[in-house]
file protein.csv (CSV, C-alpha atoms and all ligand atoms)
chain,number,residue,atom,x,y,z
A,1,MET,CA,-77.4,168.6,104.7
A,2,GLU,CA,-74.8,167.4,107.2
A,3,GLN,CA,-71.6,166.4,105.4
A,4,LEU,CA,-68.3,164.9,106.5
A,5,THR,CA,-65.3,166.7,105.4
A,6,SER,CA,-63.9,165.4,102.1
A,7,MET,CA,-61.0,166.5,99.8
A,8,PRO,CA,-61.8,166.4,96.1
A,9,ARG,CA,-58.9,165.3,94.0
A,10,ILE,CA,-58.0,166.0,90.4
A,11,GLY,CA,-59.8,163.6,88.2
A,12,ASP,CA,-62.7,163.1,90.6
A,13,LYS,CA,-66.3,163.7,89.6
A,14,ALA,CA,-67.3,167.1,91.1
A,15,LEU,CA,-69.7,166.4,93.9
A,16,ASP,CA,-73.2,167.7,93.3
A,17,PHE,CA,-75.0,170.1,95.7
A,18,GLU,CA,-77.9,172.5,95.9
A,19,ALA,CA,-77.2,176.0,97.1
A,20,VAL,CA,-78.7,179.3,98.0
A,21,THR,CA,-76.8,181.9,96.1
A,22,THR,CA,-77.0,185.6,95.2
A,23,THR,CA,-78.6,184.7,91.9
A,24,GLY,CA,-81.2,182.4,93.5
A,25,LYS,CA,-81.2,178.6,94.3
A,26,LEU,CA,-79.2,176.4,92.0
A,27,LYS,CA,-78.1,172.8,91.6
A,28,PHE,CA,-74.4,172.6,90.7
A,29,SER,CA,-74.8,169.8,88.1
A,30,ASP,CA,-77.3,172.0,86.2
A,31,TYR,CA,-75.1,175.0,86.4
A,32,ASN,CA,-72.2,172.9,85.1
A,33,LYS,CA,-74.1,171.5,82.1
A,34,GLY,CA,-72.3,172.3,78.8
A,35,SER,CA,-69.7,174.7,80.3
A,36,TRP,CA,-66.6,174.9,82.4
A,37,VAL,CA,-67.1,176.1,85.9
A,38,ILE,CA,-64.7,177.8,88.3
A,39,LEU,CA,-65.9,177.2,91.9
A,40,PHE,CA,-64.0,179.3,94.3
A,41,SER,CA,-64.3,180.1,98.0
A,42,HIS,CA,-63.3,183.2,100.0
A,43,PRO,CA,-63.0,183.5,103.8
A,44,ALA,CA,-65.4,186.3,104.5
A,45,ASP,CA,-67.5,189.1,103.0
A,46,PHE,CA,-66.4,192.7,103.8
A,47,THR,CA,-62.7,191.9,104.0
A,48,PRO,CA,-60.0,193.6,101.9
A,49,VAL,CA,-58.3,190.7,100.1
A,50,CYS,CA,-61.6,189.0,99.3
A,51,THR,CA,-62.9,192.3,97.9
A,52,THR,CA,-59.9,192.6,95.5
A,53,GLU,CA,-60.3,188.9,94.5
A,54,LEU,CA,-64.0,188.9,93.7
A,55,SER,CA,-63.6,192.2,91.9
A,56,GLY,CA,-60.9,190.6,89.8
A,57,PHE,CA,-63.3,187.7,88.9
A,58,ALA,CA,-66.1,190.2,88.1
A,59,GLN,CA,-63.8,192.3,85.9
A,60,GLU,CA,-62.9,189.2,83.8
A,61,LYS,CA,-66.5,188.5,83.0
A,62,ASP,CA,-66.0,188.8,79.2
A,63,PHE,CA,-62.9,186.6,79.3
A,64,PHE,CA,-64.7,183.8,81.1
A,65,ALA,CA,-67.8,184.1,78.9
A,66,LYS,CA,-65.7,184.0,75.7
A,67,ASN,CA,-64.0,180.8,77.0
A,68,ASN,CA,-67.3,179.0,77.9
A,69,THR,CA,-66.7,179.3,81.7
A,70,LYS,CA,-69.1,180.1,84.5
A,71,LEU,CA,-68.0,181.4,87.9
A,72,ILE,CA,-69.5,180.5,91.3
A,73,GLY,CA,-68.1,181.9,94.6
A,74,LEU,CA,-68.7,180.6,98.1
A,75,SER,CA,-68.3,181.7,101.7
A,76,ILE,CA,-69.9,180.7,104.9
A,77,ASP,CA,-71.6,184.1,105.3
A,78,SER,CA,-75.3,184.5,105.0
A,79,ILE,CA,-77.2,185.5,101.9
A,80,HIS,CA,-78.0,188.9,103.5
A,81,SER,CA,-74.3,189.5,104.1
A,82,HIS,CA,-73.5,188.6,100.5
A,83,ILE,CA,-76.1,191.0,99.1
A,84,ALA,CA,-75.0,193.8,101.4
A,85,TRP,CA,-71.4,193.3,100.3
A,86,VAL,CA,-72.2,193.1,96.6
A,87,ASN,CA,-74.2,196.3,97.0
A,88,ALA,CA,-71.4,198.0,99.0
A,89,VAL,CA,-68.7,197.1,96.4
A,90,GLN,CA,-70.9,198.2,93.5
A,91,GLU,CA,-71.6,201.6,95.2
A,92,LYS,CA,-68.0,202.2,96.2
A,93,THR,CA,-66.2,201.0,93.0
A,94,GLY,CA,-68.8,200.4,90.3
A,95,VAL,CA,-67.9,196.7,90.1
A,96,LEU,CA,-70.8,194.3,90.2
A,97,PHE,CA,-70.4,190.7,91.3
A,98,GLU,CA,-72.8,189.2,88.7
A,99,PHE,CA,-71.8,185.6,89.2
A,100,PRO,CA,-73.6,183.6,92.0
A,101,ILE,CA,-72.1,183.6,95.4
A,102,ILE,CA,-73.1,180.6,97.6
A,103,ALA,CA,-74.3,181.4,101.2
A,104,ASP,CA,-72.9,178.2,102.8
A,105,ILE,CA,-73.9,179.0,106.4
A,106,ASP,CA,-74.2,175.4,107.5
A,107,MET,CA,-70.7,174.8,105.9
A,108,ALA,CA,-72.1,171.7,104.1
A,109,ILE,CA,-70.5,172.6,100.7
A,110,SER,CA,-67.3,173.9,102.2
A,111,LYS,CA,-66.9,170.5,103.9
A,112,LEU,CA,-67.8,168.6,100.7
A,113,TYR,CA,-65.0,170.5,98.8
A,114,GLY,CA,-62.3,170.5,101.5
A,115,MET,CA,-62.5,174.3,101.8
A,116,LEU,CA,-62.4,174.2,105.6
A,117,GLN,CA,-58.8,173.7,106.8
A,118,PRO,CA,-58.8,174.0,110.6
A,119,GLY,CA,-55.1,174.5,110.9
A,120,GLU,CA,-55.6,177.8,108.9
A,121,SER,CA,-59.0,178.7,110.3
A,122,GLU,CA,-61.8,177.0,112.3
A,123,THR,CA,-64.4,179.5,111.1
A,124,ALA,CA,-63.7,180.5,107.5
A,125,ALA,CA,-63.1,178.8,104.2
A,126,VAL,CA,-59.6,179.0,102.8
A,127,ARG,CA,-59.2,180.5,99.3
A,128,ALA,CA,-59.9,177.4,97.1
A,129,VAL,CA,-60.2,177.2,93.3
A,130,PHE,CA,-61.7,174.2,91.5
A,131,ILE,CA,-61.7,174.2,87.7
A,132,ILE,CA,-64.4,171.8,86.6
A,133,ASP,CA,-64.8,170.7,83.0
A,134,PRO,CA,-68.2,170.4,81.1
A,135,GLU,CA,-68.2,166.7,81.9
A,136,GLY,CA,-68.2,167.5,85.6
A,137,LYS,CA,-64.7,166.4,86.3
A,138,VAL,CA,-62.4,168.3,88.6
A,139,ARG,CA,-59.4,169.2,86.5
A,140,LEU,CA,-57.3,171.6,88.6
A,141,ILE,CA,-57.3,172.6,92.3
A,142,MET,CA,-55.6,175.5,94.0
A,143,TYR,CA,-55.6,176.3,97.7
A,144,TYR,CA,-54.4,179.6,99.1
A,145,PRO,CA,-54.2,180.7,102.8
A,146,LEU,CA,-56.4,183.5,104.2
A,147,ASN,CA,-53.8,186.3,103.9
A,148,ILE,CA,-52.7,185.7,100.3
A,149,GLY,CA,-54.8,186.8,97.4
A,150,ARG,CA,-54.9,184.5,94.3
A,151,ASN,CA,-53.4,185.3,90.9
A,152,MET,CA,-56.0,186.0,88.3
A,153,GLU,CA,-53.5,185.6,85.4
A,154,GLU,CA,-52.6,182.2,86.7
A,155,ILE,CA,-56.3,181.2,86.9
A,156,LYS,CA,-56.9,182.3,83.4
A,157,ARG,CA,-53.7,180.7,82.1
A,158,THR,CA,-54.5,177.3,83.7
A,159,LEU,CA,-58.1,177.4,82.3
A,160,LEU,CA,-56.8,178.1,78.8
A,161,ALA,CA,-54.0,175.5,79.2
A,162,LEU,CA,-56.6,172.8,80.1
A,163,GLN,CA,-58.9,173.7,77.2
A,164,THR,CA,-56.0,173.9,74.7
A,165,SER,CA,-54.6,170.6,76.0
A,166,ASP,CA,-57.9,168.9,75.6
A,167,THR,CA,-58.4,170.2,72.0
A,168,ASN,CA,-54.9,169.4,70.8
A,169,LYS,CA,-54.0,166.3,72.9
A,170,CYS,CA,-50.8,167.9,74.1
A,171,ALA,CA,-49.2,169.0,77.4
A,172,MET,CA,-48.0,172.4,78.5
A,173,PRO,CA,-44.4,173.2,79.5
A,174,LEU,CA,-43.2,175.4,82.4
A,175,ASN,CA,-44.7,178.8,82.2
A,176,TRP,CA,-46.8,178.0,79.1
A,177,GLN,CA,-48.8,181.0,77.7
A,178,PRO,CA,-51.3,180.9,74.9
A,179,GLY,CA,-49.4,181.1,71.6
A,180,ASP,CA,-46.4,179.3,73.0
A,181,LYS,CA,-45.3,175.9,71.7
A,182,VAL,CA,-46.8,172.8,73.3
A,183,ILE,CA,-45.3,169.4,74.3
A,184,VAL,CA,-46.2,166.5,72.0
A,185,PRO,CA,-46.8,163.2,73.8
A,186,ALA,CA,-43.7,160.9,73.7
A,187,PRO,CA,-43.6,158.2,71.1
A,188,LYS,CA,-44.8,154.8,72.2
A,189,THR,CA,-43.1,152.7,69.5
A,190,VAL,CA,-39.7,152.7,67.8
A,191,GLU,CA,-41.5,153.4,64.5
A,192,ALA,CA,-43.0,156.5,66.0
A,193,LEU,CA,-39.6,157.5,67.4
A,194,LEU,CA,-38.0,157.3,63.9
A,195,GLU,CA,-40.9,159.3,62.4
A,196,ARG,CA,-40.3,161.9,65.1
A,197,LYS,CA,-36.6,162.1,64.3
A,198,ASN,CA,-37.5,163.0,60.7
A,199,SER,CA,-40.1,165.5,61.6
A,200,LYS,CA,-40.0,169.3,62.0
A,201,LEU,CA,-40.7,169.1,65.7
A,202,GLU,CA,-38.5,171.1,68.0
A,203,MET,CA,-36.8,168.1,69.7
A,204,VAL,CA,-34.7,168.4,72.9
A,205,ASP,CA,-34.5,164.6,73.2
A,206,TRP,CA,-36.7,161.8,71.9
A,207,TYR,CA,-39.2,162.1,74.8
A,208,LEU,CA,-39.3,165.9,74.8
A,209,ALA,CA,-40.5,167.5,71.6
A,210,LYS,CA,-42.5,170.7,71.0
A,211,ARG,CA,-44.7,172.0,68.3
A,212,SER,CA,-46.6,175.2,67.4
A,213,LEU,CA,-50.3,175.1,67.3
A,214,ASN,CA,-50.7,177.5,64.4
A,301,LIG,C1,-59.2,189.4,103.7
A,301,LIG,O1,-59.9,189.1,102.7
A,301,LIG,O2,-58.6,190.5,103.7
A,301,LIG,C2,-59.0,188.5,104.8
A,301,LIG,C3,-60.0,187.6,105.1
A,301,LIG,C4,-59.8,186.7,106.2
A,301,LIG,C5,-58.6,186.7,106.9
A,301,LIG,C6,-57.6,187.6,106.5
A,301,LIG,C7,-57.7,188.5,105.4

call {"tool": "encode", "arguments": {"input": "protein.csv", "output": "structure tokens"}}
result
Amino acid sequence: MEQLTSMPRIGDKALDFEAVTTTGKLKFSDYNKGSWVILFSHPADFTPVCTTELSGFAQEKDFFAKNNTKLIGLSIDSIHSHIAWVNAVQEKTGVLFEFPIIADIDMAISKLYGMLQPGESETAAVRAVFIIDPEGKVRLIMYYPLNIGRNMEEIKRTLLALQTSDTNKCAMPLNWQPGDKVIVPAPKTVEALLERKNSKLEMVDWYLAKRSLN
């Protein structure tokens, strides 16, 4: 499957693909059905930063399951390399990468998702993260360079922020954490503005008001 390089954008439909993975062949749209998916790439198997990152994802298995989210990793290594790495990490540390890891040896999926950024590396995927909702829409994108590991707390925070925002039709302020107040959409009429002025919302100005979710 020869693909031109494309850059997915927030709000785009996640492009579908079929892949060979460490849990068998899969079709992305089937994997995505009914759940959130975090698709993430790493530069190479058997490298230190990547080992810490994938271990971090594996150790958050219960968090992601509880929040209806599946994981899927990717690098341009072979399936044999992936299996050997999974085995080595499990033997050395006891951590098992149970989520599928795509063997993207022809780079087709890396190109489809803009994971190859030649200014950073001609031969390895950068550290990309795509949070994709159950409707198959790309909701959040992060790109990190080869030498900087991602922040698992930020990945978890942004996933919960998206889910909470969808459920409560609100926005999240700077550094929002679960349990913090959320931002209420600004009023669209003068009547709504007057209503807001008489409400119990925490109001900084007419367009910036917060409320608790509990
Ligand atoms: C690492 O995971 O340690 C790594 C991989 C590729 C380039 C630099 C670091």

call {"tool": "residues_around", "arguments": {"input": "protein.csv", "residues": "Asn147 of chain A", "least_positions_apart": "4", "cutoff": "12 Å", "atoms": "only C-alpha atoms", "output": "VMD selection string"}}
result
chain A and resid 42 to 44 47 to 50 53 120 to 121 125 to 127 143

call {"tool": "closest_residue", "arguments": {"input": "protein.csv", "among": "A:Gly119, A:Ile105, A:Phe17, A:Pro134", "to": "Lys70 of chain A", "atoms": "only C-alpha atoms"}}
result
A:Pro134

call {"tool": "atom_distance", "arguments": {"input": "protein.csv", "atom1": "atom CA of Pro100 of chain A", "atom2": "atom CA of Ser6 of chain A"}}
result
23.0 Å

call {"tool": "closest_atom_pairs", "arguments": {"input": "protein.csv", "of": "segment 31-112 of chain A", "to": "segment 128-132 of chain A", "cutoff": "10 Å", "atoms": "all atoms listed in the file", "output": "tab-separated table"}}
result
residue	atom	partner	partner_atom	distance
A:Asn32	CA	A:Ile132	CA	8.0
A:Ser35	CA	A:Ile132	CA	8.7
A:Trp36	CA	A:Ile132	CA	5.7
A:Val37	CA	A:Ile132	CA	5.1
A:Ile38	CA	A:Ile131	CA	4.7
A:Leu39	CA	A:Phe130	CA	5.2
A:Phe40	CA	A:Val129	CA	4.5
A:Ser41	CA	A:Ala128	CA	5.2
A:His42	CA	A:Ala128	CA	7.3
A:Pro43	CA	A:Ala128	CA	9.6
A:Thr69	CA	A:Ile132	CA	9.2
A:Lys70	CA	A:Ile132	CA	9.8
A:Leu71	CA	A:Ile131	CA	9.6
A:Gly73	CA	A:Val129	CA	9.3
A:Leu74	CA	A:Ala128	CA	9.4
A:Ser110	CA	A:Ala128	CA	9.6

call {"tool": "write_last_selection", "arguments": {"input": "protein.csv", "atoms": "C-alpha atoms", "output": "compact mmCIF listing (two decimals), keeping the file's coordinate frame"}}
result
# COMPACT_ATOMS: atom_id res chain seq x y z
CA ASN A 32 -72.20 172.90 85.10
CA SER A 35 -69.70 174.70 80.30
CA TRP A 36 -66.60 174.90 82.40
CA VAL A 37 -67.10 176.10 85.90
CA ILE A 38 -64.70 177.80 88.30
CA LEU A 39 -65.90 177.20 91.90
CA PHE A 40 -64.00 179.30 94.30
CA SER A 41 -64.30 180.10 98.00
CA HIS A 42 -63.30 183.20 100.00
CA PRO A 43 -63.00 183.50 103.80
CA THR A 69 -66.70 179.30 81.70
CA LYS A 70 -69.10 180.10 84.50
CA LEU A 71 -68.00 181.40 87.90
CA GLY A 73 -68.10 181.90 94.60
CA LEU A 74 -68.70 180.60 98.10
CA SER A 110 -67.30 173.90 102.20

call {"tool": "closest_residue", "arguments": {"input": "protein.csv", "among": "A:Val89, A:Ala124, A:Leu162, A:Val182", "to": "ligand LIG 301 (chain A)", "atoms": "only C-alpha atoms and all ligand atoms"}}
result
A:Ala124

call {"tool": "closest_residue", "arguments": {"input": "protein.csv", "among": "A:Tyr144, A:Phe99, A:Trp206, A:Tyr113", "to": "ligand LIG 301 (chain A)", "atoms": "all atoms listed in the file"}}
result
A:Tyr144

call {"tool": "axis_aligned_box", "arguments": {"input": "protein.csv", "around": "ligand LIG 301 (chain A)", "padding_each_side": "5 Å", "output": "lines of an AutoDock Vina configuration file"}}
result
center_x = -58.8
center_y = 188.6
center_z = 104.8
size_x = 12.4
size_y = 13.8
size_z = 14.2

call {"tool": "decode", "arguments": {"input": "protein.csv", "residues": "segment 57-72 of chain A", "atoms": "N, CA, C and O atoms", "output": "short mmCIF file (atom, residue, chain, number, x, y, z; two decimals), in the first residue's frame"}}
result
data_model
loop_
_atom_site.label_atom_id
_atom_site.label_comp_id
_atom_site.auth_asym_id
_atom_site.auth_seq_id
_atom_site.Cartn_x
_atom_site.Cartn_y
_atom_site.Cartn_z
N PHE A 57 2.73 3.22 28.98
CA PHE A 57 1.40 2.92 28.44
C PHE A 57 0.89 1.58 29.01
O PHE A 57 -0.26 1.47 29.41
N ALA A 58 1.77 0.58 29.02
CA ALA A 58 1.35 -0.75 29.50
C ALA A 58 0.90 -0.69 30.96
O ALA A 58 -0.08 -1.33 31.35
N GLN A 59 1.62 0.10 31.75
CA GLN A 59 1.30 0.17 33.19
C GLN A 59 0.00 0.92 33.47
O GLN A 59 -0.56 0.82 34.55
N GLU A 60 -0.49 1.67 32.48
CA GLU A 60 -1.77 2.39 32.65
C GLU A 60 -2.93 1.61 32.04
O GLU A 60 -3.99 2.17 31.78
N LYS A 61 -2.75 0.32 31.83
CA LYS A 61 -3.77 -0.55 31.23
C LYS A 61 -5.15 -0.36 31.89
O LYS A 61 -6.17 -0.20 31.21
N ASP A 62 -5.19 -0.37 33.22
CA ASP A 62 -6.48 -0.28 33.92
C ASP A 62 -7.12 1.09 33.73
O ASP A 62 -8.33 1.19 33.56
N PHE A 63 -6.30 2.14 33.75
CA PHE A 63 -6.83 3.50 33.53
C PHE A 63 -7.49 3.59 32.16
O PHE A 63 -8.61 4.09 32.03
N PHE A 64 -6.80 3.11 31.13
CA PHE A 64 -7.35 3.23 29.78
C PHE A 64 -8.60 2.36 29.61
O PHE A 64 -9.59 2.79 29.02
N ALA A 65 -8.58 1.16 30.19
CA ALA A 65 -9.77 0.28 30.09
C ALA A 65 -10.96 0.93 30.78
O ALA A 65 -12.08 0.96 30.25
N LYS A 66 -10.71 1.50 31.97
CA LYS A 66 -11.78 2.15 32.74
C LYS A 66 -12.38 3.33 31.97
O LYS A 66 -13.56 3.66 32.13
N ASN A 67 -11.59 3.96 31.13
CA ASN A 67 -12.04 5.13 30.39
C ASN A 67 -12.30 4.81 28.91
O ASN A 67 -12.19 5.69 28.05
N ASN A 68 -12.70 3.56 28.66
CA ASN A 68 -13.14 3.13 27.32
C ASN A 68 -12.15 3.51 26.22
O ASN A 68 -12.53 4.04 25.18
N THR A 69 -10.89 3.27 26.48
CA THR A 69 -9.85 3.68 25.54
C THR A 69 -8.91 2.51 25.23
O THR A 69 -8.41 1.86 26.15
N LYS A 70 -8.72 2.28 23.92
CA LYS A 70 -7.77 1.24 23.50
C LYS A 70 -6.48 1.91 23.03
O LYS A 70 -6.52 3.02 22.49
N LEU A 71 -5.39 1.21 23.19
CA LEU A 71 -4.09 1.70 22.75
C LEU A 71 -3.65 0.95 21.51
O LEU A 71 -3.99 -0.23 21.34
N ILE A 72 -2.88 1.63 20.66
CA ILE A 72 -2.22 0.93 19.54
C ILE A 72 -0.93 1.68 19.21
O ILE A 72 -0.95 2.88 18.93
#
